[in-house]
>>> print(open('my_file-v2.cif').read())   # mmCIF, C-alpha atoms and all ligand atoms
data_input
#
loop_
_atom_site.label_atom_id
_atom_site.label_comp_id
_atom_site.auth_asym_id
_atom_site.auth_seq_id
_atom_site.Cartn_x
_atom_site.Cartn_y
_atom_site.Cartn_z
CA MET A 404 0.00 0.00 0.00
CA THR A 405 1.13 3.50 -0.72
CA GLY A 406 -0.07 6.97 -1.68
CA ILE A 407 -2.76 7.35 1.02
CA ALA A 408 -0.85 9.49 3.53
CA GLY A 409 -2.96 12.34 4.87
CA ARG A 410 -6.22 10.92 3.54
CA HIS A 411 -9.16 10.78 5.91
CA VAL A 412 -10.89 7.42 6.36
CA VAL A 413 -13.82 6.51 8.59
CA LEU A 414 -13.75 2.85 9.58
CA GLY A 415 -17.20 1.69 10.68
CA VAL A 416 -17.17 -1.54 12.68
CA SER A 417 -20.34 -3.48 13.33
CA GLY A 418 -20.60 -6.38 15.71
CA GLY A 419 -19.64 -9.84 14.52
CA ILE A 420 -16.87 -12.35 15.00
CA ALA A 421 -14.91 -10.62 12.22
CA SER A 422 -14.82 -7.38 14.25
CA TYR A 423 -11.38 -8.31 15.56
CA LYS A 424 -10.00 -8.19 12.01
CA ALA A 425 -11.05 -4.54 11.79
CA CYS A 426 -8.13 -3.85 14.16
CA VAL A 427 -5.71 -4.94 11.41
CA VAL A 428 -7.47 -2.69 8.89
CA ALA A 429 -7.25 0.29 11.30
CA ARG A 430 -3.59 -0.41 11.94
CA ARG A 431 -2.53 -0.86 8.29
CA LEU A 432 -4.32 2.29 7.11
CA THR A 433 -2.80 4.28 9.99
CA GLU A 434 0.67 2.86 9.25
CA GLU A 435 0.37 4.19 5.70
CA GLY A 436 -0.31 7.66 7.06
CA ALA A 437 -4.12 7.81 6.70
CA LEU A 438 -6.14 9.57 9.42
CA VAL A 439 -8.49 6.87 10.61
CA ASP A 440 -11.61 7.67 12.65
CA VAL A 441 -13.15 4.48 13.97
CA VAL A 442 -16.88 4.31 14.68
CA VAL A 443 -18.05 1.21 16.52
CA THR A 444 -21.62 0.05 16.99
CA ALA A 445 -22.85 -1.04 20.42
CA ALA A 446 -22.63 -4.68 19.30
CA ALA A 447 -19.08 -4.23 17.99
CA SER A 448 -17.94 -2.86 21.35
CA GLU A 449 -19.09 -6.17 22.88
CA PHE A 450 -16.53 -7.91 20.66
CA ILE A 451 -13.67 -5.35 20.71
CA ARG A 452 -13.16 -2.62 23.26
CA PRO A 453 -13.04 0.85 21.65
CA VAL A 454 -9.79 1.62 23.49
CA THR A 455 -8.07 -0.93 21.24
CA PHE A 456 -8.91 1.13 18.17
CA GLU A 457 -7.91 4.30 20.00
CA ALA A 458 -4.47 2.85 20.66
CA LEU A 459 -4.10 1.63 17.06
CA THR A 460 -5.16 4.90 15.39
CA GLY A 461 -4.10 7.47 17.98
CA ARG A 462 -7.53 9.10 17.61
CA PRO A 463 -10.68 9.09 19.76
CA VAL A 464 -13.19 6.42 18.87
CA VAL A 465 -16.87 7.20 18.42
CA THR A 466 -19.26 4.82 20.12
CA SER A 467 -22.56 6.68 20.48
CA LEU A 468 -24.73 9.48 19.15
CA TRP A 469 -25.12 10.75 22.66
CA GLU A 470 -21.56 11.61 23.67
CA PRO A 471 -21.33 15.17 25.06
CA GLY A 472 -19.86 17.71 22.60
CA ARG A 473 -20.37 15.51 19.53
CA ALA A 474 -23.96 16.40 18.65
CA LEU A 475 -23.26 17.00 14.96
CA ASP A 476 -20.31 14.68 14.51
CA HIS A 477 -22.31 12.08 12.58
CA VAL A 478 -22.94 14.71 9.89
CA ARG A 479 -19.33 15.95 9.93
CA LEU A 480 -17.93 12.42 9.73
CA GLY A 481 -20.35 11.58 6.95
CA ARG A 482 -19.20 14.56 4.89
CA GLU A 483 -15.52 15.12 5.63
CA PRO A 484 -13.76 11.85 4.93
CA ASP A 485 -12.36 10.70 1.60
CA LEU A 486 -13.64 7.16 2.18
CA ILE A 487 -15.86 5.20 4.57
CA VAL A 488 -14.94 1.54 5.08
CA VAL A 489 -17.50 -0.65 6.84
CA ALA A 490 -15.73 -3.81 8.00
CA PRO A 491 -17.32 -6.02 9.05
CA ALA A 492 -20.78 -5.15 7.77
CA THR A 493 -23.12 -7.57 9.56
CA ALA A 494 -26.53 -8.68 8.29
CA GLN A 495 -28.09 -6.37 10.89
CA LEU A 496 -26.05 -3.32 9.80
CA ILE A 497 -26.83 -4.00 6.13
CA ALA A 498 -30.55 -4.31 6.96
CA ARG A 499 -30.52 -1.03 8.89
CA MET A 500 -28.64 0.72 6.09
CA ALA A 501 -31.04 -0.64 3.47
CA GLN A 502 -33.97 0.79 5.45
CA GLY A 503 -32.29 4.20 5.69
CA MET A 504 -32.23 3.96 9.47
CA ALA A 505 -30.19 6.36 11.57
CA ASP A 506 -30.60 4.87 15.01
CA ASP A 507 -26.93 4.92 15.98
CA PHE A 508 -23.82 6.89 15.06
CA LEU A 509 -22.68 4.58 12.25
CA THR A 510 -26.02 4.36 10.43
CA ALA A 511 -26.58 8.11 10.91
CA LEU A 512 -23.23 8.98 9.36
CA LEU A 513 -23.82 6.53 6.52
CA LEU A 514 -27.09 8.31 5.78
CA ALA A 515 -25.40 11.73 5.87
CA ARG A 516 -22.43 10.56 3.80
CA ARG A 517 -20.91 12.14 0.74
CA ALA A 518 -17.80 9.94 0.60
CA PRO A 519 -17.63 6.62 -1.27
CA VAL A 520 -18.26 3.52 0.83
CA LEU A 521 -16.41 0.20 0.85
CA LEU A 522 -18.77 -2.30 2.45
CA CYS A 523 -17.31 -5.65 3.57
CA PRO A 524 -20.10 -8.06 4.57
CA ALA A 525 -19.38 -10.77 7.12
CA MET A 526 -21.90 -13.15 8.54
CA ASN A 527 -22.99 -16.78 8.76
CA ASP A 528 -23.33 -18.27 5.25
CA HIS A 529 -27.07 -18.99 5.75
CA MET A 530 -27.68 -15.43 6.92
CA TYR A 531 -25.88 -14.14 3.83
CA ALA A 532 -27.81 -16.43 1.49
CA HIS A 533 -31.17 -15.46 3.04
CA PRO A 534 -33.41 -13.64 0.54
CA GLU A 535 -33.87 -10.71 2.96
CA THR A 536 -30.12 -10.10 3.16
CA GLN A 537 -29.79 -10.46 -0.61
CA ALA A 538 -32.66 -8.02 -1.14
CA ASN A 539 -31.08 -5.55 1.31
CA LEU A 540 -27.77 -5.71 -0.52
CA LYS A 541 -29.56 -5.15 -3.82
CA ARG A 542 -31.30 -2.12 -2.38
CA LEU A 543 -27.98 -0.66 -1.33
CA ARG A 544 -26.49 -0.87 -4.82
CA ALA A 545 -25.62 2.66 -5.85
CA PRO A 546 -22.79 4.55 -7.45
CA GLY A 547 -20.16 5.20 -4.83
CA LEU A 548 -20.90 2.06 -2.83
CA VAL A 549 -18.60 -0.89 -3.43
CA VAL A 550 -19.45 -4.25 -1.88
CA LEU A 551 -16.32 -6.34 -1.32
CA GLY A 552 -16.95 -10.01 -0.58
CA PRO A 553 -17.93 -11.93 1.37
CA ALA A 554 -15.39 -14.64 0.70
CA THR A 555 -15.95 -18.37 0.91
CA GLY A 556 -13.97 -20.13 3.60
CA ARG A 557 -14.02 -21.24 7.20
CA LEU A 558 -16.67 -19.55 9.31
CA ALA A 559 -16.98 -19.33 13.07
CA TYR A 560 -19.84 -21.84 13.10
CA GLY A 561 -19.65 -25.08 11.13
CA GLU A 562 -17.68 -25.57 7.95
CA GLY A 563 -19.34 -22.78 5.98
CA GLU A 564 -19.86 -24.03 2.44
CA GLY A 565 -21.10 -20.75 1.04
CA PRO A 566 -19.83 -17.18 1.12
CA GLY A 567 -20.01 -15.34 4.45
CA ARG A 568 -16.47 -14.79 5.63
CA MET A 569 -15.10 -11.26 5.63
CA VAL A 570 -12.46 -10.56 3.00
CA GLU A 571 -9.00 -10.50 4.61
CA PRO A 572 -7.79 -7.14 6.02
CA GLU A 573 -4.92 -6.79 3.53
CA GLU A 574 -7.34 -7.11 0.61
CA ILE A 575 -9.71 -4.60 2.21
CA CYS A 576 -6.80 -2.18 2.53
CA VAL A 577 -5.74 -2.44 -1.13
CA HIS A 578 -9.35 -1.88 -2.23
CA ALA A 579 -9.45 1.14 0.09
CA GLU A 580 -6.24 2.38 -1.51
CA ARG A 581 -7.75 1.99 -5.01
CA LEU A 582 -10.83 3.98 -4.00
CA LEU A 583 -8.73 6.67 -2.33
CA ARG A 584 -6.39 7.00 -5.30
CA ALA A 585 -9.00 6.71 -8.06
CA GLY A 586 -8.84 9.67 -10.38
CA PRO A 587 -6.74 10.93 -13.24
CA PRO A 588 -4.68 9.80 -14.95
CA PHE A 589 -5.21 6.07 -14.25
CA ALA A 590 -8.91 5.75 -13.40
CA GLY A 591 -10.73 4.04 -16.25
CA ARG A 592 -7.52 3.53 -18.27
CA ARG A 593 -6.64 0.12 -19.62
CA VAL A 594 -3.19 -1.01 -18.63
CA VAL A 595 -1.62 -4.17 -20.01
CA VAL A 596 1.41 -5.59 -18.21
CA THR A 597 3.40 -8.62 -19.35
CA ALA A 598 5.50 -10.55 -16.85
CA GLY A 599 7.70 -13.57 -16.37
CA PRO A 600 9.66 -15.87 -18.64
CA SER A 601 8.60 -17.78 -21.73
CA ARG A 602 9.18 -21.51 -22.27
CA GLU A 603 10.20 -22.77 -25.67
CA ALA A 604 9.75 -26.51 -26.23
CA LEU A 605 12.76 -28.66 -27.01
CA ASP A 606 10.73 -31.86 -26.90
CA PRO A 607 7.43 -32.74 -25.15
CA VAL A 608 9.05 -32.65 -21.69
CA ARG A 609 11.94 -30.19 -21.95
CA VAL A 610 11.92 -26.44 -22.39
CA VAL A 611 14.34 -23.56 -22.90
CA THR A 612 13.57 -20.78 -20.45
CA ASN A 613 15.24 -18.01 -18.39
CA ARG A 614 15.55 -16.83 -14.80
CA SER A 615 12.79 -14.19 -14.83
CA SER A 616 10.55 -14.55 -11.74
CA GLY A 617 7.82 -12.19 -12.94
CA ARG A 618 7.99 -10.17 -9.70
CA MET A 619 8.59 -6.83 -11.41
CA GLY A 620 5.61 -7.25 -13.74
CA TYR A 621 3.32 -8.47 -10.94
CA ALA A 622 4.31 -5.46 -8.82
CA LEU A 623 3.55 -3.14 -11.75
CA ALA A 624 0.16 -4.76 -12.39
CA SER A 625 -0.81 -4.54 -8.72
CA ALA A 626 0.33 -0.89 -8.43
CA ALA A 627 -1.53 0.15 -11.62
CA TRP A 628 -4.72 -1.50 -10.31
CA ARG A 629 -4.36 0.26 -6.94
CA ARG A 630 -4.13 3.55 -8.84
CA GLY A 631 -7.53 2.88 -10.37
CA ALA A 632 -6.67 1.34 -13.77
CA GLU A 633 -8.34 -1.67 -15.40
CA VAL A 634 -5.41 -4.06 -15.58
CA THR A 635 -4.68 -7.16 -17.64
CA LEU A 636 -1.62 -9.11 -16.57
CA ILE A 637 -0.25 -11.47 -19.20
CA ALA A 638 2.02 -13.76 -17.23
CA GLY A 639 4.43 -16.54 -18.07
CA PRO A 640 4.97 -19.68 -16.00
CA GLY A 641 5.67 -19.05 -12.30
CA ALA A 642 4.29 -19.57 -8.84
CA LEU A 643 3.29 -15.98 -7.97
CA ALA A 644 -0.32 -15.38 -6.93
CA ALA A 645 -2.33 -13.07 -9.21
CA PRO A 646 -2.80 -9.65 -7.64
CA GLY A 647 -6.45 -9.08 -6.60
CA GLY A 648 -8.66 -7.22 -9.07
CA VAL A 649 -6.31 -7.82 -12.00
CA SER A 650 -7.43 -10.03 -14.90
CA LEU A 651 -4.83 -12.68 -15.51
CA VAL A 652 -4.01 -14.26 -18.86
CA ARG A 653 -1.40 -17.01 -19.00
CA PHE A 654 1.23 -17.56 -21.69
CA ASP A 655 3.82 -20.24 -22.19
CA SER A 656 5.82 -19.58 -25.35
CA THR A 657 6.78 -16.28 -26.96
CA ALA A 658 4.26 -17.06 -29.71
CA ASP A 659 1.49 -17.44 -27.05
CA LEU A 660 2.48 -14.08 -25.60
CA ALA A 661 2.21 -12.44 -29.01
CA ALA A 662 -1.25 -13.96 -29.52
CA ALA A 663 -2.50 -12.90 -26.06
CA LEU A 664 -1.22 -9.40 -26.62
CA ALA A 665 -2.90 -9.10 -30.01
CA ASP A 666 -6.30 -9.54 -28.28
CA VAL A 667 -5.85 -6.69 -25.78
CA LEU A 668 -3.56 -4.32 -27.63
CA PRO A 669 -6.22 -2.35 -29.54
CA SER A 670 -7.79 -1.10 -26.30
CA ALA A 671 -4.61 -0.60 -24.23
CA ASP A 672 -3.85 2.95 -23.07
CA VAL A 673 -0.63 1.72 -21.48
CA LEU A 674 1.52 -1.29 -22.39
CA ILE A 675 4.27 -2.29 -19.97
CA MET A 676 6.41 -5.05 -21.38
CA ALA A 677 8.13 -6.45 -18.31
CA ALA A 678 8.11 -10.05 -19.57
CA ALA A 679 11.30 -11.80 -20.58
CA PRO A 680 10.24 -13.70 -23.68
CA ALA A 681 12.99 -15.82 -25.19
CA ASP A 682 15.01 -14.39 -28.05
CA TYR A 683 15.63 -17.90 -29.45
CA ARG A 684 13.72 -21.16 -29.59
CA PRO A 685 14.60 -24.67 -30.81
CA SER A 686 13.99 -24.56 -34.56
CA ALA A 687 12.67 -28.13 -34.75
CA PRO A 688 11.20 -29.31 -31.41
CA ALA A 689 11.24 -33.13 -31.26
CA GLY A 690 7.86 -34.88 -31.30
CA ALA A 691 9.05 -37.45 -28.73
CA LYS A 692 11.39 -37.21 -25.74
CA ILE A 693 14.99 -36.96 -26.97
CA PRO A 694 16.94 -39.96 -25.56
CA ARG A 695 20.27 -39.46 -23.81
CA SER A 696 23.03 -40.51 -26.18
CA GLY A 697 26.23 -38.50 -26.24
CA PRO A 698 26.59 -34.82 -27.11
CA LEU A 699 23.57 -33.10 -28.54
CA THR A 700 23.52 -30.02 -30.72
CA VAL A 701 20.30 -28.02 -30.73
CA LYS A 702 19.67 -25.54 -33.47
CA LEU A 703 17.92 -22.37 -32.32
CA GLU A 704 16.06 -19.81 -34.38
CA PRO A 705 15.09 -16.26 -33.41
CA THR A 706 11.63 -15.78 -31.94
CA LEU A 707 9.37 -12.89 -32.78
CA ASP A 708 10.34 -9.59 -31.14
CA VAL A 709 6.90 -9.16 -29.58
CA LEU A 710 7.30 -5.54 -28.54
CA ALA A 711 8.62 -4.47 -31.93
CA GLU A 712 5.75 -6.37 -33.60
CA THR A 713 3.19 -4.29 -31.68
CA MET A 714 4.43 -1.03 -33.23
CA SER A 715 1.91 -0.81 -36.03
CA ARG A 716 -1.00 -2.05 -33.86
CA ARG A 717 -0.71 0.18 -30.80
CA ARG A 718 -3.58 2.48 -29.96
CA ALA A 719 -2.83 6.06 -30.97
CA GLY A 720 -1.41 7.91 -27.97
CA ALA A 721 -0.73 4.72 -25.98
CA VAL A 722 2.18 4.92 -23.54
CA VAL A 723 4.58 2.03 -24.14
CA VAL A 724 7.23 0.92 -21.66
CA GLY A 725 9.96 -1.61 -22.39
CA PHE A 726 12.66 -3.17 -20.27
CA ALA A 727 16.34 -3.59 -21.05
CA LEU A 728 18.23 -6.14 -19.02
CA GLU A 729 21.90 -6.29 -19.83
CA THR A 730 25.07 -7.61 -18.24
CA GLY A 731 27.13 -4.43 -18.06
CA ASP A 732 26.14 -0.80 -18.59
CA PRO A 733 22.53 -1.02 -19.81
CA ILE A 734 22.11 2.65 -20.83
CA PRO A 735 23.42 2.53 -24.42
CA ALA A 736 21.24 -0.52 -25.20
CA ALA A 737 18.24 1.10 -23.48
CA ARG A 738 18.65 4.25 -25.59
CA GLU A 739 18.87 2.14 -28.73
CA LYS A 740 15.71 0.14 -27.77
CA LEU A 741 13.83 3.34 -26.99
CA VAL A 742 14.25 4.43 -30.59
CA ARG A 743 14.18 1.07 -32.41
CA LYS A 744 11.02 -0.19 -30.65
CA GLN A 745 9.39 3.28 -30.52
CA LEU A 746 9.02 3.33 -26.75
CA ASP A 747 8.20 6.15 -24.35
CA LEU A 748 10.21 4.77 -21.47
CA VAL A 749 12.80 2.03 -21.03
CA VAL A 750 13.51 0.60 -17.58
CA ALA A 751 17.15 -0.43 -17.73
CA ASN A 752 19.10 -2.59 -15.34
CA ASP A 753 22.33 -4.48 -15.09
CA ALA A 754 21.72 -8.16 -14.27
CA ALA A 755 25.31 -8.58 -13.11
CA GLU A 756 24.82 -6.07 -10.27
CA ALA A 757 24.11 -7.41 -6.75
CA GLY A 758 20.45 -7.00 -5.76
CA ALA A 759 19.27 -6.27 -9.29
CA GLY A 760 17.68 -8.27 -12.10
CA PRO A 761 15.86 -11.61 -12.09
CA GLU A 762 15.30 -13.91 -9.08
CA VAL A 763 15.79 -11.16 -6.44
CA GLU A 764 13.26 -8.98 -4.64
CA THR A 765 15.08 -5.69 -5.24
CA ASN A 766 16.20 -3.81 -8.31
CA ARG A 767 18.38 -0.86 -9.23
CA VAL A 768 17.11 0.62 -12.43
CA ALA A 769 17.56 3.64 -14.62
CA LEU A 770 14.56 5.26 -16.31
CA VAL A 771 15.46 6.17 -19.87
CA THR A 772 13.23 8.52 -21.85
CA ARG A 773 13.76 10.97 -24.68
CA ASP A 774 14.28 13.61 -22.00
CA GLY A 775 17.25 11.81 -20.45
CA VAL A 776 18.30 9.19 -17.92
CA GLU A 777 17.29 9.04 -14.26
CA GLN A 778 19.24 6.57 -12.14
CA LEU A 779 17.24 5.27 -9.16
CA ALA A 780 18.68 3.82 -5.95
CA LEU A 781 18.48 0.12 -5.01
CA MET A 782 14.89 -0.49 -3.83
CA SER A 783 12.17 -3.16 -3.65
CA LYS A 784 10.48 -4.09 -6.92
CA GLU A 785 7.24 -2.68 -5.45
CA ALA A 786 8.95 0.71 -4.97
CA VAL A 787 10.40 0.53 -8.51
CA ALA A 788 6.86 -0.11 -9.79
CA GLU A 789 5.63 3.09 -8.10
CA GLN A 790 8.46 5.10 -9.67
CA VAL A 791 7.75 3.66 -13.13
CA LEU A 792 4.04 4.44 -12.77
CA ASP A 793 4.80 8.01 -11.66
CA ARG A 794 6.62 8.40 -15.00
CA VAL A 795 3.76 6.75 -16.91
CA ALA A 796 1.29 9.09 -15.16
CA LEU A 797 3.30 12.07 -16.35
CA LEU A 798 3.36 10.75 -19.93
CA LEU A 799 -0.39 10.00 -19.84
CA SER A 800 -1.32 13.43 -18.54
CA ARG A 801 0.88 15.11 -21.17
CA ARG A 802 -1.21 13.32 -23.79
CA GLY A 803 -4.44 14.44 -22.16
N1 LIG B 901 11.00 -8.42 -25.91
C1 LIG B 901 9.98 -8.81 -26.77
N2 LIG B 901 10.11 -9.95 -27.50
C2 LIG B 901 11.23 -10.69 -27.44
C3 LIG B 901 12.28 -10.29 -26.61
C4 LIG B 901 12.13 -9.14 -25.85
O1 LIG B 901 8.97 -8.15 -26.82
N3 LIG B 901 11.31 -11.81 -28.17
C5 LIG B 901 10.81 -7.19 -25.14
C6 LIG B 901 11.03 -7.37 -23.65
O2 LIG B 901 9.83 -7.66 -22.98
C7 LIG B 901 11.58 -6.03 -23.21
C8 LIG B 901 12.26 -5.49 -24.44
O3 LIG B 901 11.73 -6.24 -25.54
O4 LIG B 901 10.58 -5.10 -22.84
C9 LIG B 901 13.74 -5.64 -24.44
O5 LIG B 901 14.07 -6.99 -24.19
P1 LIG B 901 15.58 -7.47 -24.31
O6 LIG B 901 15.67 -8.95 -24.26
O7 LIG B 901 16.42 -6.68 -23.34
O8 LIG B 901 15.94 -6.89 -25.74
P2 LIG B 901 15.96 -7.42 -27.21
O9 LIG B 901 15.17 -6.48 -28.04
O10 LIG B 901 15.66 -8.84 -27.32
O11 LIG B 901 17.46 -7.09 -27.58
P3 LIG B 901 18.83 -7.82 -27.23
O12 LIG B 901 18.52 -9.22 -26.83
O13 LIG B 901 19.57 -7.70 -28.51
O14 LIG B 901 19.43 -7.00 -26.13
#
>>> encode(input="my_file-v2.cif", output="structure tokens", more="lines below")
Ligand code: CTP
Amino acid sequence: MTGIAGRHVVLGVSGGIASYKACVVARRLTEEGALVDVVVTAAASEFIRPVTFEALTGRPVVTSLWEPGRALDHVRLGREPDLIVVAPATAQLIARMAQGMADDFLTALLLARRAPVLLCPAMNDHMYAHPETQANLKRLRAPGLVVLGPATGRLAYGEGEGPGRMVEPEEICVHAERLLRAGPPFAGRRVVVTAGPSREALDPVRVVTNRSSGRMGYALASAAWRRGAEVTLIAGPGALAAPGGVSLVRFDSTADLAAALADVLPSADVLIMAAAPADYRPSAPAGAKIPRSGPLTVKLEPTLDVLAETMSRRRAGAVVVGFALETGDPIPAAREKLVRKQLDLVVANDAAEAGAGPEVETNRVALVTRDGVEQLALMSKEAVAEQVLDRVALLLSRRG
């Protein structure tokens, strides 16, 4: 999470077993610099004492409409914040909201609200499936109200076959970040990110591949989504989990990558080519497993340069970012790729440098554009992703 410092969030907590997880939400948002005002219902304060939230956020917690000196606070807290998160939202809270009730501080502020709402239902799976609850949720559907979850998984009572469980705090926080950061230039833009290695078949069981982990591309996809973009991640083989909210398309060979890209390219406002597709592939893959018998010579042929191939099919005004991974000074090659592949930005790094390149969690890159070269310090791939997207944001807003 990033980019939410100084933003004002109201966290409404209603009373259910999942109330304890609201503590993690309050803590994570506060850690990122948000000002978090927690409002607990009477039932929630049976599960978690308000003082816990006070300690986590460093701010007073609101528990009742009737506290002295706070007569109009439900209106103020409905209007001032940038976002209202309700986690957990119990069946009871949802029912009261759907009826437009204002019988406690939380429902009153929800009725007076101007800020967008992220509502995270949590309840027994039968309570969630009940037609009354479903009808209440339907009634609440409105622009500016996002319902996140519930998830399917273990519930407090029984095995819980159906949805009912509150979405995990970390996921709630990244959705909160997306809502807080939504706006130009990323909101509503289509961003395509490619990530990971390709595999080129040698025979039915063996492949030629490379050391790319895909981490850089996954970090870029996740960061672009958190900034409000619609993101497609086209990812090669690897074990990384797809970032939430992002639509994932898998590729295996460089040819698969080219085909997957052809489908999404016409609508892409931004293309970030962080994948490491092979430059060569076996020219005649064997139809059966090659037996072991002395030295073997494999003939390789060049693959398609996918990024170069996209040149004539890119959407007019699209921002295109390439990567240049070299062993040695990457800047001359990055400059050459910028021109040859008609790119707006090349992220260059030296694979021979400690802490940079594939298989590690950090990177030290230079951002190469027509305006010049900016060398960044060694940082996590997540932090590199934010820097790259800051540059993309600049390029997008210049194009209007
Ligand atoms: N790339 C591509 N298709 C390939 C190989 C690379 O689209 N078959 C893309 C990469 O995703 C990256 C950029 O091109 O964004 C540069 O990749 P790199 O391997 O560094 O460069 P090449 O153009 O292959 O040049 P060279 O191998 O000569 O350095």
>>> atom_distance(input="my_file-v2.cif", atom1="CA of Arg517 in chain A", atom2="CA of Glu483 in chain A")
7.9 Å
>>> residues_around(input="my_file-v2.cif", residues="range 784-787 of chain A", least_positions_apart="4", cutoff="10 Å", atoms="all atoms listed in the file", output="JSON, numbers by chain")
{"A": [404, 405, 618, 619, 620, 621, 622, 623, 625, 626, 750, 759, 760, 763, 764, 765, 766, 767, 768, 769, 779, 780, 791, 792, 793]}
>>> atom_distance(input="my_file-v2.cif", atom1="CA of Met714 in chain A", atom2="CA of Leu668 in chain A")
10.3 Å
>>> residues_near_ligand(input="my_file-v2.cif", ligand="ligand LIG 901 (chain B)", cutoff="10 Å", atoms="all atoms listed in the file", output="PDB file with C-alpha atoms, keeping the file's coordinate frame")
ATOM      1  CA  VAL A 596       1.410  -5.590 -18.210  1.00  0.00           C
ATOM      2  CA  THR A 597       3.400  -8.620 -19.350  1.00  0.00           C
ATOM      3  CA  ALA A 598       5.500 -10.550 -16.850  1.00  0.00           C
ATOM      4  CA  GLY A 599       7.700 -13.570 -16.370  1.00  0.00           C
ATOM      5  CA  PRO A 600       9.660 -15.870 -18.640  1.00  0.00           C
ATOM      6  CA  SER A 601       8.600 -17.780 -21.730  1.00  0.00           C
ATOM      7  CA  SER A 656       5.820 -19.580 -25.350  1.00  0.00           C
ATOM      8  CA  THR A 657       6.780 -16.280 -26.960  1.00  0.00           C
ATOM      9  CA  ALA A 658       4.260 -17.060 -29.710  1.00  0.00           C
ATOM     10  CA  LEU A 660       2.480 -14.080 -25.600  1.00  0.00           C
ATOM     11  CA  ALA A 661       2.210 -12.440 -29.010  1.00  0.00           C
ATOM     12  CA  LEU A 674       1.520  -1.290 -22.390  1.00  0.00           C
ATOM     13  CA  ILE A 675       4.270  -2.290 -19.970  1.00  0.00           C
ATOM     14  CA  MET A 676       6.410  -5.050 -21.380  1.00  0.00           C
ATOM     15  CA  ALA A 677       8.130  -6.450 -18.310  1.00  0.00           C
ATOM     16  CA  ALA A 678       8.110 -10.050 -19.570  1.00  0.00           C
ATOM     17  CA  ALA A 679      11.300 -11.800 -20.580  1.00  0.00           C
ATOM     18  CA  PRO A 680      10.240 -13.700 -23.680  1.00  0.00           C
ATOM     19  CA  ALA A 681      12.990 -15.820 -25.190  1.00  0.00           C
ATOM     20  CA  ASP A 682      15.010 -14.390 -28.050  1.00  0.00           C
ATOM     21  CA  TYR A 683      15.630 -17.900 -29.450  1.00  0.00           C
ATOM     22  CA  ARG A 684      13.720 -21.160 -29.590  1.00  0.00           C
ATOM     23  CA  PRO A 705      15.090 -16.260 -33.410  1.00  0.00           C
ATOM     24  CA  THR A 706      11.630 -15.780 -31.940  1.00  0.00           C
ATOM     25  CA  LEU A 707       9.370 -12.890 -32.780  1.00  0.00           C
ATOM     26  CA  ASP A 708      10.340  -9.590 -31.140  1.00  0.00           C
ATOM     27  CA  VAL A 709       6.900  -9.160 -29.580  1.00  0.00           C
ATOM     28  CA  LEU A 710       7.300  -5.540 -28.540  1.00  0.00           C
ATOM     29  CA  ALA A 711       8.620  -4.470 -31.930  1.00  0.00           C
ATOM     30  CA  GLU A 712       5.750  -6.370 -33.600  1.00  0.00           C
ATOM     31  CA  THR A 713       3.190  -4.290 -31.680  1.00  0.00           C
ATOM     32  CA  VAL A 723       4.580   2.030 -24.140  1.00  0.00           C
ATOM     33  CA  VAL A 724       7.230   0.920 -21.660  1.00  0.00           C
ATOM     34  CA  GLY A 725       9.960  -1.610 -22.390  1.00  0.00           C
ATOM     35  CA  PHE A 726      12.660  -3.170 -20.270  1.00  0.00           C
ATOM     36  CA  ALA A 727      16.340  -3.590 -21.050  1.00  0.00           C
ATOM     37  CA  LEU A 728      18.230  -6.140 -19.020  1.00  0.00           C
ATOM     38  CA  GLU A 729      21.900  -6.290 -19.830  1.00  0.00           C
ATOM     39  CA  THR A 730      25.070  -7.610 -18.240  1.00  0.00           C
ATOM     40  CA  PRO A 733      22.530  -1.020 -19.810  1.00  0.00           C
ATOM     41  CA  ALA A 736      21.240  -0.520 -25.200  1.00  0.00           C
ATOM     42  CA  ALA A 737      18.240   1.100 -23.480  1.00  0.00           C
ATOM     43  CA  GLU A 739      18.870   2.140 -28.730  1.00  0.00           C
ATOM     44  CA  LYS A 740      15.710   0.140 -27.770  1.00  0.00           C
ATOM     45  CA  LEU A 741      13.830   3.340 -26.990  1.00  0.00           C
ATOM     46  CA  ARG A 743      14.180   1.070 -32.410  1.00  0.00           C
ATOM     47  CA  LYS A 744      11.020  -0.190 -30.650  1.00  0.00           C
ATOM     48  CA  LEU A 746       9.020   3.330 -26.750  1.00  0.00           C
ATOM     49  CA  LEU A 748      10.210   4.770 -21.470  1.00  0.00           C
ATOM     50  CA  VAL A 749      12.800   2.030 -21.030  1.00  0.00           C
ATOM     51  CA  VAL A 750      13.510   0.600 -17.580  1.00  0.00           C
ATOM     52  CA  ALA A 751      17.150  -0.430 -17.730  1.00  0.00           C
ATOM     53  CA  ASN A 752      19.100  -2.590 -15.340  1.00  0.00           C
TER      54      ASN A 752
END
>>> atom_distance(input="my_file-v2.cif", atom1="CA of Ala604 in chain A", atom2="CA of Lys692 in chain A")
10.8 Å
>>> closest_residue(input="my_file-v2.cif", among="A:Leu438, A:Ala671, A:Leu414, A:Ala638", to="Asp659 in chain A", atoms="only C-alpha atoms")
A:Ala638
>>> closest_residue(input="my_file-v2.cif", among="A:Val441, A:Ala645, A:Met530, A:Pro587", to="Leu799 in chain A", atoms="all atoms listed in the file")
A:Pro587
>>> closest_residue(input="my_file-v2.cif", among="A:Ile637, A:Ala494, A:Leu512, A:Met500", to="Tyr531 in chain A", atoms="all atoms listed in the file")
A:Ala494
>>> closest_residue(input="my_file-v2.cif", among="A:Pro588, A:Pro463, A:Pro735, A:Gly647", to="Glu573 in chain A", atoms="all atoms listed in the file")
A:Gly647
>>> residues_around(input="my_file-v2.cif", residues="Phe456 in chain A", least_positions_apart="6", cutoff="8 Å", atoms="all atoms listed in the file", output="PyMOL selection string")
chain A and resi 426+429+441+464
